[in-house]
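Visitor: Just passing along the structure, written as C-alpha cells.
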Amino acid sequence: MDDQYLDAFIRESEEAITELNNSLLDLESDPSDRAAMDSIFRTAHTLKGNFGAMGFTDAANLAHAMEDLLDAMRQGEMDVTPDVMDLVFAGVDRIEVIVNEIEAEGESQTTTDETVGELRAVLESGAAAAGTGAAAGAGAAAAGSAVAAASEDGQTADIDVETDLDPVDAEERVVRATIGVGESDMLGVDSMLALEGIEDAFEILEFSPDRAAIEDGEFEERFTLYLDAPDAATVDAELASVGKVDSFEATDVTEALSADEGGDADPPSPAPGATEGGEEEHSVDEIKSVRVDVDQLDDLHGLVEQLVTSRIKLRRSVEQNDLDSAGETLNELDKITANLQNTVMDMRLIPLKKVVGKFPRLVRDLARNLEKDVDFEIEGEDIELDRTILTEISDPLMHILRNAVDHGIEAPAMREGKGKSPTGHITLRASRERDHVIIEVDDDGAGLDVEGIRQKAVEKGVRSPEELDAMDDSAVYDLVFHPGFSTAEEVTDTSGRGVGMDVVHDTVTQLDGSVNVESTEGEGTTVSLRLPVTMAIVKVLFVEVGDEEYGIPIKNVDEITATGAVKQVNGKEVIKHNDDIYPVVHLDDAFEVPGETANGDGMLVRIRESERQIALHCDSVNSQEEVVVKPLEGILSGTAGLSGTAVLGDGNIVHILDVVTL
C-alpha cells in the first residue's frame, strides 16, 4: 500500500475520531442536539467508507454497526442513554486502537466481532439491553442457535464466546483460529485431516460451522475453531506444522472464561485502553503532521529563490576578491535567513485544539468512573503553539485535568451539602500574551488545603516550620511541585493534587516556561502554565570554565562584573548589590569541570533577581549568539542546572544553563 495514501488515511482517521468523540459528548449532554447527531452520523459514515476503501474490513464492519445504531438514534428509534453512549464510545476506542496499529504495523490484529455483536444486539433489543450484560445474549438469541449464522459477506460469522461456549476452567484461555485448506477436489477429507491434526495439539471448544459441515466441505473458503490454548502465538506455531492447513489466522478471544456450576461466564475483559479500575487510559501521540497555508508555501519558495540568488552573488564576489560586494551580499543573506527562520517557525505553529480536542472525552470518562457530574469547557483552542511544545505539554495538561476531576471536584452530594451546584465546572482557557501563551485549568472544586500542605511539607522535610511560617499561601501552594509531594492519603494515578506535579513543573521548565498554582479553599483551584509560542531562537552569553564552554540565556543575565567585589560571609562567597546579598556559585564545582580554572580570578555573571538571586563564577566571558536550544532527552532529561543543548556554527555542542535548578 502506498505510504503516502496510508499516512493521509491515518491523519484523516485521527481527526475524524476526535470529531466523533466530541460530537458524541455534545449529544450525550443534549440528546436533542440535531447538529451533533448529524455530525456524528456523517463522521461514522466517512470512517466506514474510508476503512472499506483501504481494505480494513473489521474496522469497516464496526463503523457500519455504529452507523446503524446512530441512525436509529437519529430517527428517534433508540434512546440516548449513558449505557448506550458507553457502548458507542467503546466502539470509537476500538477504532482508535485499530488506527494506531495500522500506523505502527501497516495492518491491525484487533478483531471487532464482539463489539459489533454488542452494537447489533442493542440495535435489535433496544437501549435497555446496553450495559446489562444482555447485549451479547440478545445477539446470540437473535442468531437462533449457538452456532454462528452466515454473515453479510457470505463468510461464517463468529461465535459469541460469552453465551455460546460451555463454561471452562478459569485458568483456560480461548483462541479463535480461522482455517483455510486451500483449493481441493476433496475439501471435506482435507478438512477432516486438518481437524485431526489440530486436535492432536489443542482441545477444540466450538466449531463454526459445526463439525459435520466442515467434514462435508460445506463452508466457503475458511472455517472457524475456538481452541483451548495459552495464546494466539502458541496456536500460530502449532498450525504452521499441521498438514492440510493451507492458511490460518489466530486471535486471542478473552483473558479467561470461567463460571460456577449453573453460573454465568465472567464479563468480557475491558476494551483496549481501559485500566483495571475501569478508567480509560487516554494519551496524546506525537503530532506528526501540520497543515500549511498555500501563502506560506509561496513565501517559503520566494525566500529560497532569494537565498539561491544571494549564494551565487556571494560566490562571484569571493572569486573576484570583491570584499565590498561580498559584505553587501552577507547583509542581504542575514535578512533573507531571518525571514526564512520566521516563516518556518510560523509553519510549525499548530492550534491548541490539536491536543486539547481529546480532553473532553478524558474528563467525561473519568467523571463517569468516579460518579461525578462535571461540565468541561475549552476556551481559546485556536491559539497556536509550536508543534514540539504542543506535544510536550499534552501529558502535563492531561495530568492537571485528572487531578481537577478526581481531587478537585467534589461528589454531587458533597457539593450540594456545601450549597454548590451538584455539577462541577472545569475550564481550560488559553490566551496569547505577546510571545507567550498562558494556559489555565480552572476548577470550582474543594480547593487546596493550605494547612494540610504545610503539615505534609514538615512531615516530608520539604520545609521547616519556621520557613513555612514566613511563606504566604501562594508560596505554600507551589510546594505541590516538590518531587513526591502529595496530600493524598492513597496515591493513585489520579488521586492527590500533588501526584506527578513535579513532572508537570519539570516539563514546563524544560520548555522555558513556568507554572503556578492559585487556590481558595472550598471554592476551587487554578493551575497556570506560561509557555513560549515557539521553540524560539534564544540569545545566549557564552562563558568559559576550564576546558568547557556554557551558554547562559541573556534574558537571565543582569550584570557582568569582575571578582574583586567578592566577600566572605560565614565561610561562603557572596557579592552585594543594592543591599541584597547574592551567593557565588562556581560553575567548575557545580559541573566538576576538567582542566585548570581561574579559581579566585575570572568573571562574575549576576543573574536577575526575578530568576534567582545568585552570581555565577566563570573563567571568562566570550561572545553572545542566537542559538536553537533543544531540550535534554533520555537519561539526561531533568539534569539539574541544564536546560538543553545548542549546536554552534562550528559543529561544537554547548550546554545551556538552567539558572533556577543550578
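How things are named: the first chain in the C-alpha cells is A, the next is B, and so on; residues count from 1 in each chain; ligands count from 1 in the order shown.
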Do a neighbour search on Val292 (chain A) at 8 Å with only C-alpha atoms, toss out local chain neighbours closer than 4 positions, and write the hits as a list in words.
Guide: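 What passes the distance filter is Gln296, Leu297 and Met347 of chain A.
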Visitor: Grab the residues selected above and save them as a PDB file, in the first residue's frame with N, CA and C atoms.
Guide:
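Output (result05.pdb):
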ATOM      1  N   GLN A 296       1.947  30.579   2.793  1.00  0.00           N
ATOM      2  CA  GLN A 296       3.212  30.348   3.472  1.00  0.00           C
ATOM      3  C   GLN A 296       4.182  29.573   2.587  1.00  0.00           C
ATOM      4  N   LEU A 297       3.643  28.601   1.844  1.00  0.00           N
ATOM      5  CA  LEU A 297       4.497  27.858   0.922  1.00  0.00           C
ATOM      6  C   LEU A 297       5.065  28.772  -0.161  1.00  0.00           C
ATOM      7  N   MET A 347       5.225  28.124  10.229  1.00  0.00           N
ATOM      8  CA  MET A 347       4.681  26.907   9.636  1.00  0.00           C
ATOM      9  C   MET A 347       4.584  25.780  10.664  1.00  0.00           C
TER      10      MET A 347
END
Visitor: Would you please work out which residue, of A:Leu307, A:Leu397, A:Ser421, A:Ala640, is nearest to Val515 (chain A) when using only C-alpha atoms?
Guide: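 Closest to Val515 (chain A), using only C-alpha atoms: A:Leu397.
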Visitor: What's the 9 Å shell around Glu218 (chain A), counting only C-alpha atoms, without same-chain residues fewer than 2 positions away, as a list of chain:residue names?
Guide: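 Residues near the query, excluding close chain neighbours: A:Leu187, A:Gly188, A:Pro209, A:Ala212, A:Ala213, A:Ile214, A:Glu215, A:Asp216, A:Glu220.
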Visitor: Work out how far CA of Arg94 (chain A) is from CA of Thr112 (chain A), in Å to one decimal.
Guide: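 Computed distance, CA of Thr112 (chain A) to CA of Arg94 (chain A), equals 7.5 Å.
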Visitor: I want to know what sits within 10 Å of Leu401 (chain A), based on only C-alpha atoms, with residues of the same chain fewer than 6 positions away left out; could you give that as a list in words?
Guide: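 Here the answer would be Phe359, Pro360, Leu362, Val363, Leu366, Phe376, Asp395, His407, Gly408, Ile426, Thr427, Leu428, Val441, Asp442, Asp443, Thr494 and Val527 of chain A.
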Visitor: Tell me which protein, DNA and RNA residues are within 10 Å of region 309-324 of chain A, counting only C-alpha atoms, leaving out same-chain ones fewer than 6 positions away, and put them as an mmCIF file with C-alpha atoms, in the first residue's frame.
Guide:
data_model
loop_
_atom_site.group_PDB
_atom_site.id
_atom_site.type_symbol
_atom_site.label_atom_id
_atom_site.label_comp_id
_atom_site.auth_asym_id
_atom_site.auth_seq_id
_atom_site.Cartn_x
_atom_site.Cartn_y
_atom_site.Cartn_z
ATOM 1 C CA LEU A 303 12.788 33.127 0.131
ATOM 2 C CA LEU A 330 26.229 38.912 3.518
ATOM 3 C CA GLU A 332 21.374 40.597 2.329
ATOM 4 C CA LEU A 333 21.736 36.959 3.412
ATOM 5 C CA ILE A 336 16.791 36.515 3.969
#
Visitor: Rounded to one decimal place, report the CA of Glu625 (chain A)-CA of Leu300 (chain A) distance in Å.
Guide: 24.8 Å
Visitor: Run DSSP on the backbone and give me the residues of region 12-108 of chain A it puts in helix (DSSP H, G or I), as a PyMOL selection string.
Guide: chain A and resi 12-29+34-54+57-74+82-105
Visitor: Set the distance at 10 Å and use only C-alpha atoms: which residues neighbour region 234-237 of chain A once local chain neighbours fewer than 2 positions away are removed? I'd like the list as an mmCIF file with C-alpha atoms, in the first residue's frame.
Guide:
data_model
loop_
_atom_site.group_PDB
_atom_site.id
_atom_site.type_symbol
_atom_site.label_atom_id
_atom_site.label_comp_id
_atom_site.auth_asym_id
_atom_site.auth_seq_id
_atom_site.Cartn_x
_atom_site.Cartn_y
_atom_site.Cartn_z
ATOM 1 C CA VAL A 175 -8.110 -18.558 20.951
ATOM 2 C CA ARG A 176 -10.128 -18.170 17.759
ATOM 3 C CA ALA A 177 -8.489 -19.774 14.712
ATOM 4 C CA ILE A 198 -5.291 -29.608 15.207
ATOM 5 C CA ALA A 201 -2.349 -30.167 19.815
ATOM 6 C CA PHE A 202 -5.446 -28.436 21.245
ATOM 7 C CA LEU A 227 -9.426 -23.590 20.859
ATOM 8 C CA ASP A 228 -8.374 -24.117 24.458
ATOM 9 C CA ALA A 229 -4.870 -22.647 24.066
ATOM 10 C CA PRO A 230 -2.494 -20.409 26.054
ATOM 11 C CA ASP A 231 -2.359 -17.681 23.431
ATOM 12 C CA ALA A 232 -2.505 -16.923 19.712
ATOM 13 C CA LEU A 239 -0.783 -24.648 12.979
ATOM 14 C CA ALA A 240 2.285 -23.945 10.865
ATOM 15 C CA SER A 241 3.182 -27.642 11.067
ATOM 16 C CA VAL A 242 -0.298 -29.173 10.699
ATOM 17 C CA PHE A 248 -4.707 -19.630 9.172
ATOM 18 C CA GLU A 249 -5.166 -16.679 11.498
ATOM 19 C CA ALA A 250 -5.216 -16.955 15.289
ATOM 20 C CA THR A 251 -6.611 -14.318 17.663
ATOM 21 C CA ASP A 252 -6.831 -14.181 21.455
#
Visitor: Using only C-alpha atoms, which residues sit within 10 Å of Asp386 (chain A) once same-chain residues fewer than 2 positions away are excluded, as a list in words?
Guide: Met345, Asp346, Met347, Arg348, Leu349, Ile350, Pro351, Leu352, Glu384, Thr388, Ile389, Leu390, Thr391, Pro532, Val533, Thr534, Met535 and Ala536 of chain A
Visitor: Provide the CA of Gln75 (chain A) to CA of Ala60 (chain A) distance in Å, to one decimal place.
Guide: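 CA of Ala60 (chain A) lies at a distance of 22.1 Å from CA of Gln75 (chain A).
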Visitor: Taking into account only C-alpha atoms, which residue in the set A:Glu548, A:Glu440, A:Glu523, A:Asp334 is nearest to Ile378 (chain A)?
Guide: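 Selected residue with least distance to Ile378 (chain A): A:Glu440.
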